[in-house]
file final.cif (mmCIF, C-alpha atoms and all ligand atoms)
data_target
loop_
_atom_site.label_atom_id
_atom_site.label_comp_id
_atom_site.auth_asym_id
_atom_site.auth_seq_id
_atom_site.Cartn_x
_atom_site.Cartn_y
_atom_site.Cartn_z
CA MET X 1313 -3.15 -10.17 8.78
CA MET X 1314 -4.66 -6.99 7.37
CA ARG X 1315 -4.30 -3.67 9.16
CA ILE X 1316 -5.66 -1.02 6.90
CA VAL X 1317 -7.33 2.37 6.86
CA LEU X 1318 -9.95 3.20 4.24
CA LEU X 1319 -9.80 6.81 3.20
CA GLY X 1320 -12.33 8.53 0.97
CA ALA X 1321 -15.12 11.08 0.87
CA PRO X 1322 -18.55 10.32 2.28
CA GLY X 1323 -20.30 8.15 -0.30
CA SER X 1324 -17.07 6.82 -1.81
CA GLY X 1325 -18.04 3.28 -0.77
CA LYS X 1326 -15.73 2.73 2.19
CA GLY X 1327 -18.44 1.02 4.25
CA THR X 1328 -19.56 -1.29 1.45
CA GLN X 1329 -16.02 -2.32 0.56
CA ALA X 1330 -15.05 -2.75 4.22
CA GLN X 1331 -18.00 -5.12 4.71
CA ARG X 1332 -16.91 -7.19 1.73
CA LEU X 1333 -13.32 -7.37 2.91
CA GLN X 1334 -14.56 -8.39 6.34
CA ALA X 1335 -16.77 -11.14 4.90
CA LYS X 1336 -14.03 -12.57 2.72
CA HIS X 1337 -10.96 -12.17 4.93
CA GLY X 1338 -12.48 -12.36 8.41
CA VAL X 1339 -10.93 -9.05 9.46
CA PRO X 1340 -13.35 -6.80 11.42
CA GLN X 1341 -14.62 -3.55 9.95
CA VAL X 1342 -14.16 -0.79 12.50
CA SER X 1343 -16.36 2.11 11.43
CA SER X 1344 -16.28 5.26 13.55
CA GLY X 1345 -19.61 6.34 12.03
CA ASP X 1346 -21.25 3.02 13.01
CA LEU X 1347 -19.82 3.20 16.53
CA LEU X 1348 -21.21 6.72 16.91
CA ARG X 1349 -24.62 5.79 15.45
CA ASP X 1350 -24.74 2.85 17.83
CA ALA X 1351 -24.07 5.17 20.79
CA VAL X 1352 -26.82 7.50 19.51
CA ALA X 1353 -29.27 4.59 19.17
CA ARG X 1354 -28.51 3.36 22.68
CA GLY X 1355 -29.05 6.85 24.02
CA THR X 1356 -25.78 6.99 25.94
CA GLU X 1357 -24.44 10.33 27.14
CA LEU X 1358 -21.76 10.18 24.48
CA GLY X 1359 -24.44 9.43 21.88
CA ARG X 1360 -26.52 12.42 22.95
CA LYS X 1361 -23.49 14.68 22.66
CA ALA X 1362 -22.59 13.34 19.23
CA LYS X 1363 -26.04 13.34 17.62
CA ALA X 1364 -26.45 17.05 16.93
CA VAL X 1365 -22.94 17.34 15.54
CA MET X 1366 -23.45 14.34 13.26
CA ASP X 1367 -26.79 15.61 11.97
CA SER X 1368 -25.18 18.90 10.98
CA GLY X 1369 -22.46 17.16 8.95
CA GLN X 1370 -19.60 18.29 11.21
CA LEU X 1371 -16.98 16.14 12.89
CA VAL X 1372 -17.53 14.85 16.41
CA SER X 1373 -14.75 15.77 18.85
CA ASP X 1374 -11.49 13.84 18.50
CA ASP X 1375 -11.59 12.67 22.15
CA ILE X 1376 -14.97 11.00 21.78
CA VAL X 1377 -14.08 9.21 18.56
CA LEU X 1378 -10.63 8.15 19.74
CA GLY X 1379 -12.15 6.67 22.90
CA LEU X 1380 -14.56 4.58 20.82
CA ILE X 1381 -11.79 3.40 18.47
CA ARG X 1382 -9.46 2.52 21.36
CA ASP X 1383 -12.18 0.37 22.99
CA ARG X 1384 -13.03 -1.33 19.74
CA LEU X 1385 -9.42 -2.17 18.82
CA SER X 1386 -8.86 -3.68 22.25
CA ARG X 1387 -11.44 -6.38 21.55
CA PRO X 1388 -10.02 -9.85 20.78
CA ASP X 1389 -11.30 -10.03 17.19
CA ALA X 1390 -9.14 -7.00 16.29
CA ALA X 1391 -5.96 -8.61 17.57
CA SER X 1392 -5.15 -10.05 14.16
CA GLY X 1393 -6.11 -7.08 12.04
CA PHE X 1394 -8.75 -4.45 11.33
CA ILE X 1395 -10.25 -2.35 8.57
CA LEU X 1396 -10.62 1.20 9.82
CA ASP X 1397 -13.49 2.92 8.02
CA GLY X 1398 -14.00 6.65 8.56
CA PHE X 1399 -11.17 7.02 11.05
CA PRO X 1400 -8.90 8.96 11.05
CA ARG X 1401 -10.58 12.02 9.57
CA ASN X 1402 -8.03 14.74 10.35
CA LYS X 1403 -4.30 15.11 11.10
CA ASP X 1404 -4.72 15.00 14.90
CA GLN X 1405 -6.68 11.77 14.66
CA ALA X 1406 -4.00 10.31 12.38
CA ASN X 1407 -1.33 11.15 14.95
CA SER X 1408 -3.41 9.73 17.79
CA LEU X 1409 -4.01 6.58 15.78
CA ASN X 1410 -0.31 6.21 15.14
CA ALA X 1411 0.42 6.51 18.85
CA LEU X 1412 -2.30 3.99 19.70
CA LEU X 1413 -1.13 1.44 17.12
CA THR X 1414 2.47 1.81 18.25
CA GLU X 1415 1.31 1.23 21.83
CA ILE X 1416 -0.53 -1.99 20.94
CA GLY X 1417 2.17 -3.12 18.51
CA GLN X 1418 -0.10 -3.15 15.45
CA PRO X 1419 1.37 -0.82 12.82
CA LEU X 1420 -0.61 -0.03 9.68
CA ASP X 1421 0.03 -2.07 6.52
CA ALA X 1422 -1.64 0.32 4.12
CA VAL X 1423 -4.05 3.18 3.61
CA LEU X 1424 -6.44 2.75 0.69
CA LEU X 1425 -7.92 5.86 -0.86
CA LEU X 1426 -11.18 5.35 -2.74
CA GLU X 1427 -11.37 8.03 -5.43
CA VAL X 1428 -14.84 9.00 -6.67
CA ARG X 1429 -16.00 12.09 -8.56
CA LYS X 1430 -18.07 14.70 -6.70
CA GLU X 1431 -21.18 14.26 -8.88
CA THR X 1432 -21.18 10.54 -8.16
CA LEU X 1433 -20.76 11.18 -4.42
CA MET X 1434 -23.74 13.55 -4.39
CA GLN X 1435 -25.91 11.08 -6.26
CA ARG X 1436 -24.93 8.16 -4.04
CA LEU X 1437 -25.46 10.03 -0.77
CA ALA X 1438 -28.77 11.67 -1.71
CA GLY X 1439 -30.17 8.37 -3.00
CA ARG X 1440 -28.93 6.16 -0.15
CA ARG X 1441 -31.56 4.22 1.80
CA ILE X 1442 -30.86 1.73 4.57
CA CYS X 1443 -32.68 -1.25 6.03
CA PRO X 1444 -33.10 -0.70 9.79
CA LYS X 1445 -33.18 -4.46 10.42
CA CYS X 1446 -30.26 -5.93 8.45
CA GLY X 1447 -28.34 -2.78 7.50
CA THR X 1448 -28.39 -3.50 3.76
CA VAL X 1449 -27.68 -0.34 1.81
CA TYR X 1450 -29.77 0.55 -1.26
CA ASN X 1451 -29.89 3.44 -3.67
CA VAL X 1452 -33.15 4.84 -5.01
CA HIS X 1453 -31.52 5.24 -8.43
CA SER X 1454 -30.96 1.49 -8.76
CA MET X 1455 -34.06 0.21 -6.95
CA ALA X 1456 -37.14 -1.10 -8.70
CA ALA X 1457 -39.66 1.68 -9.32
CA GLY X 1458 -41.96 2.15 -6.34
CA ALA X 1459 -39.99 -0.17 -4.01
CA THR X 1460 -39.63 1.17 -0.48
CA GLY X 1461 -38.82 -1.96 1.56
CA CYS X 1462 -35.85 -4.22 2.05
CA SER X 1463 -35.78 -7.10 -0.43
CA ARG X 1464 -34.46 -9.42 2.31
CA ASP X 1465 -36.81 -8.81 5.22
CA GLY X 1466 -39.38 -6.37 3.93
CA ALA X 1467 -38.53 -3.69 6.53
CA GLU X 1468 -39.26 -0.11 5.51
CA LEU X 1469 -36.03 1.59 4.37
CA TYR X 1470 -34.95 4.87 5.96
CA GLN X 1471 -32.68 7.76 5.02
CA ARG X 1472 -29.84 8.77 7.32
CA PRO X 1473 -30.45 12.30 8.70
CA ASP X 1474 -27.03 13.41 7.42
CA ASP X 1475 -27.82 12.14 3.91
CA ARG X 1476 -30.33 14.97 3.44
CA GLU X 1477 -29.28 17.21 0.58
CA GLU X 1478 -28.75 20.26 2.80
CA VAL X 1479 -26.20 18.34 4.92
CA ILE X 1480 -24.36 16.52 2.11
CA GLY X 1481 -22.64 19.70 0.93
CA LYS X 1482 -21.31 20.37 4.42
CA ARG X 1483 -19.94 16.82 4.79
CA LEU X 1484 -18.11 17.03 1.48
CA GLU X 1485 -16.69 20.41 2.46
CA VAL X 1486 -15.47 19.03 5.80
CA TYR X 1487 -13.87 16.13 3.94
CA GLU X 1488 -11.97 18.45 1.58
CA GLN X 1489 -10.76 20.71 4.36
CA GLN X 1490 -9.96 18.27 7.14
CA THR X 1491 -9.64 14.76 5.75
CA ARG X 1492 -8.14 15.30 2.28
CA PRO X 1493 -4.78 16.45 3.77
CA LEU X 1494 -4.36 12.87 5.05
CA VAL X 1495 -3.76 11.78 1.47
CA GLU X 1496 -0.46 13.62 1.45
CA HIS X 1497 0.27 12.61 5.02
CA TYR X 1498 0.01 8.87 4.28
CA SER X 1499 1.61 9.26 0.88
CA LYS X 1500 4.72 10.68 2.57
CA LEU X 1501 4.74 7.70 4.92
CA GLY X 1502 4.71 5.39 1.89
CA LEU X 1503 1.43 3.78 2.95
CA LEU X 1504 -1.04 5.24 0.44
CA ARG X 1505 -2.63 3.26 -2.38
CA VAL X 1506 -5.22 4.86 -4.62
CA VAL X 1507 -8.15 2.79 -5.84
CA ALA X 1508 -10.62 3.91 -8.52
CA GLY X 1509 -13.93 3.76 -6.68
CA GLU X 1510 -16.37 4.00 -9.59
CA GLY X 1511 -17.74 1.23 -11.78
CA GLU X 1512 -19.08 -2.23 -10.97
CA LEU X 1513 -19.06 -3.11 -7.28
CA ASP X 1514 -17.22 -6.38 -7.95
CA ALA X 1515 -14.56 -4.64 -10.01
CA VAL X 1516 -13.98 -2.03 -7.29
CA PHE X 1517 -13.74 -4.83 -4.73
CA GLU X 1518 -11.13 -6.65 -6.82
CA ARG X 1519 -9.04 -3.50 -6.97
CA MET X 1520 -9.47 -2.93 -3.24
CA GLU X 1521 -8.47 -6.46 -2.41
CA ALA X 1522 -5.40 -6.31 -4.62
CA ALA X 1523 -4.36 -3.02 -3.05
CA ALA X 1524 -4.97 -4.33 0.47
CA LEU X 1525 -3.01 -7.53 -0.01
CA THR X 1526 -0.02 -6.22 -1.92
CA LYS X 1527 2.94 -5.92 0.37
CA PRO X 1528 4.79 -2.64 -0.06
CA ILE X 1529 8.43 -3.00 -1.15
CA PRO X 1530 10.83 -1.40 1.34
CA ALA X 1531 12.36 1.70 -0.20
CA GLY X 1532 15.89 0.26 0.08
CA LYS X 1533 15.00 -2.65 -2.18
CA VAL X 1534 13.57 -0.60 -5.01
CA LYS X 1535 15.75 -0.65 -8.14
CA VAL X 1536 15.00 2.20 -10.46
CA SER X 1537 15.67 1.25 -14.06
CA ALA X 1538 14.55 4.50 -15.65
CA LYS X 1539 16.89 6.36 -18.04
CA ARG X 1540 19.95 7.67 -16.28
CA PRO X 1541 22.02 10.66 -17.35
CA ALA X 1542 24.87 9.77 -19.73
CA ALA X 1543 28.20 9.11 -18.04
CA LYS X 1544 30.68 11.94 -18.56
CA LYS X 1545 33.78 9.83 -18.92
CA PRO X 1546 34.15 6.14 -19.50
CA THR X 1547 36.24 4.74 -16.68
CA ALA X 1548 38.82 1.97 -16.77
CA LYS X 1549 37.70 -1.44 -15.58
CA LYS X 1550 39.01 -1.91 -12.10
CA PRO X 1551 39.67 -5.27 -10.52
CA ALA X 1552 36.67 -6.52 -8.54
CA SER X 1553 36.68 -5.13 -5.06
CA LYS X 1554 34.80 -6.28 -1.99
CA LYS X 1555 32.94 -3.01 -1.66
CA PRO X 1556 29.14 -3.18 -1.84
CA ALA X 1557 27.89 -2.90 -5.40
CA SER X 1558 27.63 0.68 -6.58
CA LYS X 1559 24.53 2.01 -8.34
CA LYS X 1560 26.41 1.76 -11.63
CA SER X 1561 27.35 -1.85 -11.26
CA VAL X 1562 23.83 -2.77 -10.16
CA ALA X 1563 22.46 -1.10 -13.25
CA LYS X 1564 25.04 -2.87 -15.44
CA LYS X 1565 24.19 -6.26 -14.02
CA SER X 1566 20.53 -5.82 -14.72
CA GLY X 1567 20.96 -4.01 -18.04
CA PRO X 1568 21.56 -5.43 -21.52
CA LYS X 1569 24.63 -7.66 -21.98
CA LYS X 1570 27.93 -5.92 -21.42
CA LYS X 1571 26.98 -2.68 -23.17
CA SER X 1572 28.21 0.03 -20.89
CA VAL X 1573 26.13 3.15 -20.46
CA ALA X 1574 29.12 5.32 -21.38
CA LYS X 1575 29.66 3.57 -24.72
CA LYS X 1576 26.01 3.71 -25.53
CA SER X 1577 25.56 7.39 -24.92
CA ALA X 1578 28.92 8.79 -26.06
CA PRO X 1579 29.52 9.83 -29.70
CA LYS X 1580 30.95 6.98 -31.83
CA LYS X 1581 34.42 8.41 -32.29
CA PHE X 1582 34.75 9.08 -28.61
CA ALA X 1583 33.56 5.58 -27.79
CA LYS X 1584 36.28 4.10 -30.03
CA VAL X 1585 39.01 5.99 -28.24
CA ALA X 1586 37.54 4.97 -24.95
CA ALA X 1587 37.40 1.34 -26.05
CA LYS X 1588 41.05 1.31 -27.07
CA LYS X 1589 42.35 3.04 -24.00
CA PRO X 1590 40.03 2.31 -21.18
CA GLY X 1591 40.23 4.90 -18.49
CA LYS X 1592 42.01 7.46 -20.67
CA ALA X 1593 39.49 9.79 -22.01
CA ARG X 1594 40.72 12.30 -24.54
CA PRO X 1595 42.08 15.15 -22.43
CA LYS X 1596 40.20 18.38 -22.70
CA LYS X 1597 43.51 20.26 -23.07
CA ASN X 1598 44.09 18.85 -26.60
CA VAL X 1599 40.71 19.97 -27.74
CA ARG X 1600 41.48 23.46 -26.54
CA LYS X 1601 44.90 23.49 -28.25
CA SER X 1602 43.60 22.45 -31.64
CA ALA X 1603 40.83 25.03 -31.40
CA GLN X 1604 43.44 27.70 -30.71
CA LYS X 1605 45.52 26.51 -33.67
CA THR X 1606 42.56 26.72 -36.01
CA ALA X 1607 41.79 30.21 -34.77
CA ARG X 1608 45.38 31.31 -35.42
CA LYS X 1609 45.32 29.86 -38.96
CA THR X 1610 42.08 31.61 -39.75
CA ALA X 1611 43.50 34.90 -38.48
CA ALA X 1612 46.60 34.46 -40.65
CA ARG X 1613 44.51 33.65 -43.71
CA LYS X 1614 42.49 36.77 -43.14
CA THR X 1615 45.68 38.83 -43.02
CA VAL X 1616 46.75 37.34 -46.40
CA LYS X 1617 43.39 38.16 -47.86
CA ARG X 1618 43.58 41.69 -46.58
CA ALA X 1619 47.09 42.03 -48.03
CA LYS X 1620 45.90 40.73 -51.40
CA LEU X 1621 43.04 43.12 -51.44
CA THR X 1622 45.25 46.11 -50.76
CA GLN X 1623 48.02 44.75 -53.07
CA ARG X 1624 50.60 45.59 -50.49
CA ARG X 1625 53.38 43.13 -51.00
CA PRO X 1626 55.20 43.72 -47.73
CA ALA X 1627 52.06 42.87 -45.79
CA LYS X 1628 51.55 39.70 -47.83
CA LYS X 1629 55.11 38.72 -47.20
CA ALA X 1630 54.75 39.39 -43.49
CA ALA X 1631 51.66 37.24 -43.35
CA ARG X 1632 53.45 34.31 -45.02
CA LYS X 1633 56.25 34.67 -42.53
CA GLN X 1634 53.71 34.64 -39.72
CA ILE X 1635 52.20 31.36 -41.01
CA ALA X 1636 55.62 29.78 -41.36
CA ARG X 1637 56.51 30.78 -37.81
CA ARG X 1638 53.35 29.32 -36.42
CA LYS X 1639 53.73 26.07 -38.35
CA LYS X 1640 56.99 25.52 -36.59
P1 LIG G 1 -19.76 8.19 8.41
O1 LIG G 1 -20.74 7.12 8.70
O2 LIG G 1 -18.37 7.73 8.41
O3 LIG G 1 -20.12 8.98 7.20
O4 LIG G 1 -19.88 9.21 9.64
C1 LIG G 1 -21.08 9.87 9.95
C2 LIG G 1 -20.79 11.03 10.86
O5 LIG G 1 -20.19 10.56 12.06
C3 LIG G 1 -19.82 12.04 10.34
O6 LIG G 1 -20.42 12.99 9.48
C4 LIG G 1 -19.30 12.67 11.62
O7 LIG G 1 -20.24 13.56 12.15
C5 LIG G 1 -19.23 11.48 12.53
N1 LIG G 1 -17.91 10.82 12.44
C6 LIG G 1 -17.62 9.60 11.91
N2 LIG G 1 -16.32 9.33 12.01
C7 LIG G 1 -15.76 10.40 12.58
C8 LIG G 1 -14.43 10.73 12.95
N3 LIG G 1 -13.40 9.90 12.69
N4 LIG G 1 -14.22 11.90 13.55
C9 LIG G 1 -15.22 12.75 13.82
N5 LIG G 1 -16.49 12.51 13.48
C10 LIG G 1 -16.77 11.34 12.88
#

call {"tool": "encode", "arguments": {"input": "final.cif", "output": "structure tokens"}}
result
Amino acid sequence: MMRIVLLGAPGSGKGTQAQRLQAKHGVPQVSSGDLLRDAVARGTELGRKAKAVMDSGQLVSDDIVLGLIRDRLSRPDAASGFILDGFPRNKDQANSLNALLTEIGQPLDAVLLLEVRKETLMQRLAGRRICPKCGTVYNVHSMAAGATGCSRDGAELYQRPDDREEVIGKRLEVYEQQTRPLVEHYSKLGLLRVVAGEGELDAVFERMEAAALTKPIPAGKVKVSAKRPAAKKPTAKKPASKKPASKKSVAKKSGPKKKSVAKKSAPKKFAKVAAKKPGKARPKKNVRKSAQKTARKTAARKTVKRAKLTQRRPAKKAARKQIARRKK
């Protein structure tokens, strides 16, 4: 079972990767662009409406696209999964898709984002050529010099009208403005997985496959073992209770043998005291008292010094008396 959405700019390789996933895992690729192009080629009313919009690089209306997707997902081969390619393309479509999938009881497993740099996108789109017979996609930059036909059936390759340089810019702009916000949308839902879309085709496919097949871990089962703030006070060991394990005890169980976080992070002297008297941390009050005592002694010493300096015996005497009183 694989119910995924492929997200990515035009030219990021969604179609190519979807075809490979389909071939290997038997899950149908559902491409909104292909469905629209098919309607255009058949000359249906919907196709006629869509053509001009597509050729200008804009998005076709949500109603039209959603209708096509709904029909396609209701076909039997999509009952056990699908790879959505090019849909959804904006927030409204994402919400409509969510409603549709809830209705047919087929929630999404993951959304894979193919990340590709803008320069690469431009080069891929402007150089893309397609075989009208078998649909194989080529790129003029990687074709043999002078070749213009399909290596499989010899048919003359063609360029998609929206792959013309003057339209490419518009499509990328539409992607940034309307589709890119879906990255955050699906990230918040915990469904997003980012795949580096540049490099060897096989390597990208491996990454895609791994991302598509990995089951997400439910948030409740995630144990975070990153550094935690030092405990303020070491606490006495309490007899085991039947309460569910606290975060602390979970961390202790999985952490290094018996070394408590408090002991590890507290200063040595403090740790010793804590070890001897578990649960009785040195009271703050004592610290304050001894600080006050030291302050008083210093003040008295200063008085003696002053008395010495001025050679006034009575003052010296008074200071000694003051020290004696305080010692008591
Ligand atoms: P694609 O083959 O995915 O690059 O799509 C080609 C064109 O079809 C796009 O530039 C849009 O005009 C139209 N299209 C494809 N999918 C959608 C969609 N989900 N919403 C609106 N328009 C779409």

call {"tool": "closest_residue", "arguments": {"input": "final.cif", "among": "X:Met1434, X:Val1479, X:Met1313, X:Ala1459", "to": "ligand LIG 1 (chain G)", "atoms": "all atoms listed in the file"}}
result
X:Val1479

call {"tool": "residues_around", "arguments": {"input": "final.cif", "residues": "Lys1430 in chain X", "least_positions_apart": "2", "cutoff": "12 Å", "atoms": "all atoms listed in the file", "output": "list in words"}}
result
Gly1320, Ala1321, Pro1322, Gly1323, Ser1324, Glu1427, Val1428, Thr1432, Leu1433, Met1434, Gln1435, Arg1436, Leu1437, Ile1480, Gly1481, Arg1483, Leu1484, Glu1485, Tyr1487, Glu1488, Gly1509 and Glu1510 of chain X

call {"tool": "write_last_selection", "arguments": {"input": "final.cif", "atoms": "C-alpha atoms", "output": "JSON list (two decimals), in the coordinates of the input"}}
result
[["chain", "number", "residue", "atom", "x", "y", "z"],
["X", 1320, "GLY", "CA", -12.33, 8.53, 0.97],
["X", 1321, "ALA", "CA", -15.12, 11.08, 0.87],
["X", 1322, "PRO", "CA", -18.55, 10.32, 2.28],
["X", 1323, "GLY", "CA", -20.30, 8.15, -0.30],
["X", 1324, "SER", "CA", -17.07, 6.82, -1.81],
["X", 1427, "GLU", "CA", -11.37, 8.03, -5.43],
["X", 1428, "VAL", "CA", -14.84, 9.00, -6.67],
["X", 1432, "THR", "CA", -21.18, 10.54, -8.16],
["X", 1433, "LEU", "CA", -20.76, 11.18, -4.42],
["X", 1434, "MET", "CA", -23.74, 13.55, -4.39],
["X", 1435, "GLN", "CA", -25.91, 11.08, -6.26],
["X", 1436, "ARG", "CA", -24.93, 8.16, -4.04],
["X", 1437, "LEU", "CA", -25.46, 10.03, -0.77],
["X", 1480, "ILE", "CA", -24.36, 16.52, 2.11],
["X", 1481, "GLY", "CA", -22.64, 19.70, 0.93],
["X", 1483, "ARG", "CA", -19.94, 16.82, 4.79],
["X", 1484, "LEU", "CA", -18.11, 17.03, 1.48],
["X", 1485, "GLU", "CA", -16.69, 20.41, 2.46],
["X", 1487, "TYR", "CA", -13.87, 16.13, 3.94],
["X", 1488, "GLU", "CA", -11.97, 18.45, 1.58],
["X", 1509, "GLY", "CA", -13.93, 3.76, -6.68],
["X", 1510, "GLU", "CA", -16.37, 4.00, -9.59]]

call {"tool": "closest_residue", "arguments": {"input": "final.cif", "among": "X:Arg1382, X:Arg1349, X:Lys1361, X:Arg1429", "to": "ligand LIG 1 (chain G)", "atoms": "all atoms listed in the file"}}
result
X:Arg1349

call {"tool": "residues_near_ligand", "arguments": {"input": "final.cif", "ligand": "ligand LIG 1 (chain G)", "cutoff": "7 Å", "atoms": "only C-alpha atoms and all ligand atoms", "output": "PyMOL selection string"}}
result
chain X and resi 1322+1343-1346+1348+1365-1367+1369-1374+1377+1397-1401+1474+1483

call {"tool": "write_last_selection", "arguments": {"input": "final.cif", "atoms": "C-alpha atoms", "output": "short mmCIF file (atom, residue, chain, number, x, y, z; two decimals), in the frame of the given file"}}
result
data_model
loop_
_atom_site.label_atom_id
_atom_site.label_comp_id
_atom_site.auth_asym_id
_atom_site.auth_seq_id
_atom_site.Cartn_x
_atom_site.Cartn_y
_atom_site.Cartn_z
CA PRO X 1322 -18.55 10.32 2.28
CA SER X 1343 -16.36 2.11 11.43
CA SER X 1344 -16.28 5.26 13.55
CA GLY X 1345 -19.61 6.34 12.03
CA ASP X 1346 -21.25 3.02 13.01
CA LEU X 1348 -21.21 6.72 16.91
CA VAL X 1365 -22.94 17.34 15.54
CA MET X 1366 -23.45 14.34 13.26
CA ASP X 1367 -26.79 15.61 11.97
CA GLY X 1369 -22.46 17.16 8.95
CA GLN X 1370 -19.60 18.29 11.21
CA LEU X 1371 -16.98 16.14 12.89
CA VAL X 1372 -17.53 14.85 16.41
CA SER X 1373 -14.75 15.77 18.85
CA ASP X 1374 -11.49 13.84 18.50
CA VAL X 1377 -14.08 9.21 18.56
CA ASP X 1397 -13.49 2.92 8.02
CA GLY X 1398 -14.00 6.65 8.56
CA PHE X 1399 -11.17 7.02 11.05
CA PRO X 1400 -8.90 8.96 11.05
CA ARG X 1401 -10.58 12.02 9.57
CA ASP X 1474 -27.03 13.41 7.42
CA ARG X 1483 -19.94 16.82 4.79
#

call {"tool": "residues_around", "arguments": {"input": "final.cif", "residues": "range 1445-1457 of chain X", "least_positions_apart": "4", "cutoff": "9 Å", "atoms": "only C-alpha atoms", "output": "ChimeraX atom specification"}}
result
/X:1328,1435-1441,1462,1464-1465,1467-1469

call {"tool": "atom_distance", "arguments": {"input": "final.cif", "atom1": "CA of Gln1489 in chain X", "atom2": "CA of Met1520 in chain X"}}
result
24.9 Å

call {"tool": "atom_distance", "arguments": {"input": "final.cif", "atom1": "CA of Gly1458 in chain X", "atom2": "CA of Asp1514 in chain X"}}
result
26.2 Å

call {"tool": "closest_residue", "arguments": {"input": "final.cif", "among": "X:Leu1501, X:Leu1380, X:Val1339, X:Leu1425", "to": "Leu1358 in chain X", "atoms": "all atoms listed in the file"}}
result
X:Leu1380

call {"tool": "atom_distance", "arguments": {"input": "final.cif", "atom1": "CA of Gly1417 in chain X", "atom2": "CA of Ala1335 in chain X"}}
result
24.7 Å

call {"tool": "closest_residue", "arguments": {"input": "final.cif", "among": "X:Leu1504, X:Ala1391, X:Met1314, X:Val1495", "to": "Ala1330 in chain X", "atoms": "all atoms listed in the file"}}
result
X:Met1314

call {"tool": "closest_atom_pairs", "arguments": {"input": "final.cif", "of": "range 1429-1493 of chain X", "to": "range 1403-1411 of chain X", "cutoff": "8 Å", "atoms": "only C-alpha atoms", "output": "tab-separated table"}}
result
residue	atom	partner	partner_atom	distance
X:Gln1490	CA	X:Lys1403	CA	7.6
X:Thr1491	CA	X:Lys1403	CA	7.6
X:Pro1493	CA	X:Lys1403	CA	7.5

call {"tool": "decode", "arguments": {"input": "final.cif", "residues": "range 1333-1363 of chain X", "atoms": "C-alpha atoms", "output": "mmCIF file, in the first residue's frame"}}
result
data_model
loop_
_atom_site.group_PDB
_atom_site.id
_atom_site.type_symbol
_atom_site.label_atom_id
_atom_site.label_comp_id
_atom_site.auth_asym_id
_atom_site.auth_seq_id
_atom_site.Cartn_x
_atom_site.Cartn_y
_atom_site.Cartn_z
ATOM 1 C CA LEU X 1333 7.594 3.865 -8.550
ATOM 2 C CA GLN X 1334 4.578 2.709 -10.529
ATOM 3 C CA ALA X 1335 6.650 0.220 -12.534
ATOM 4 C CA LYS X 1336 8.324 -1.254 -9.480
ATOM 5 C CA HIS X 1337 5.508 -1.208 -6.930
ATOM 6 C CA GLY X 1338 2.436 -1.514 -9.148
ATOM 7 C CA VAL X 1339 0.837 1.604 -7.683
ATOM 8 C CA PRO X 1340 -0.749 3.889 -10.324
ATOM 9 C CA GLN X 1341 0.692 7.301 -11.084
ATOM 10 C CA VAL X 1342 -2.103 9.861 -11.023
ATOM 11 C CA SER X 1343 -0.826 12.969 -12.791
ATOM 12 C CA SER X 1344 -3.152 15.958 -12.981
ATOM 13 C CA GLY X 1345 -1.074 17.365 -15.860
ATOM 14 C CA ASP X 1346 -1.435 14.109 -17.844
ATOM 15 C CA LEU X 1347 -5.180 13.965 -17.179
ATOM 16 C CA LEU X 1348 -5.537 17.539 -18.426
ATOM 17 C CA ARG X 1349 -3.345 16.934 -21.494
ATOM 18 C CA ASP X 1350 -5.415 13.869 -22.270
ATOM 19 C CA ALA X 1351 -8.619 15.944 -22.111
ATOM 20 C CA VAL X 1352 -6.989 18.534 -24.397
ATOM 21 C CA ALA X 1353 -5.927 15.828 -26.880
ATOM 22 C CA ARG X 1354 -9.417 14.326 -26.937
ATOM 23 C CA GLY X 1355 -10.877 17.755 -27.555
ATOM 24 C CA THR X 1356 -13.433 17.544 -24.757
ATOM 25 C CA GLU X 1357 -15.139 20.698 -23.519
ATOM 26 C CA LEU X 1358 -13.078 20.534 -20.352
ATOM 27 C CA GLY X 1359 -9.931 20.141 -22.467
ATOM 28 C CA ARG X 1360 -10.781 23.186 -24.565
ATOM 29 C CA LYS X 1361 -11.294 25.248 -21.418
ATOM 30 C CA ALA X 1362 -8.023 24.072 -19.899
ATOM 31 C CA LYS X 1363 -5.744 24.416 -22.930
#
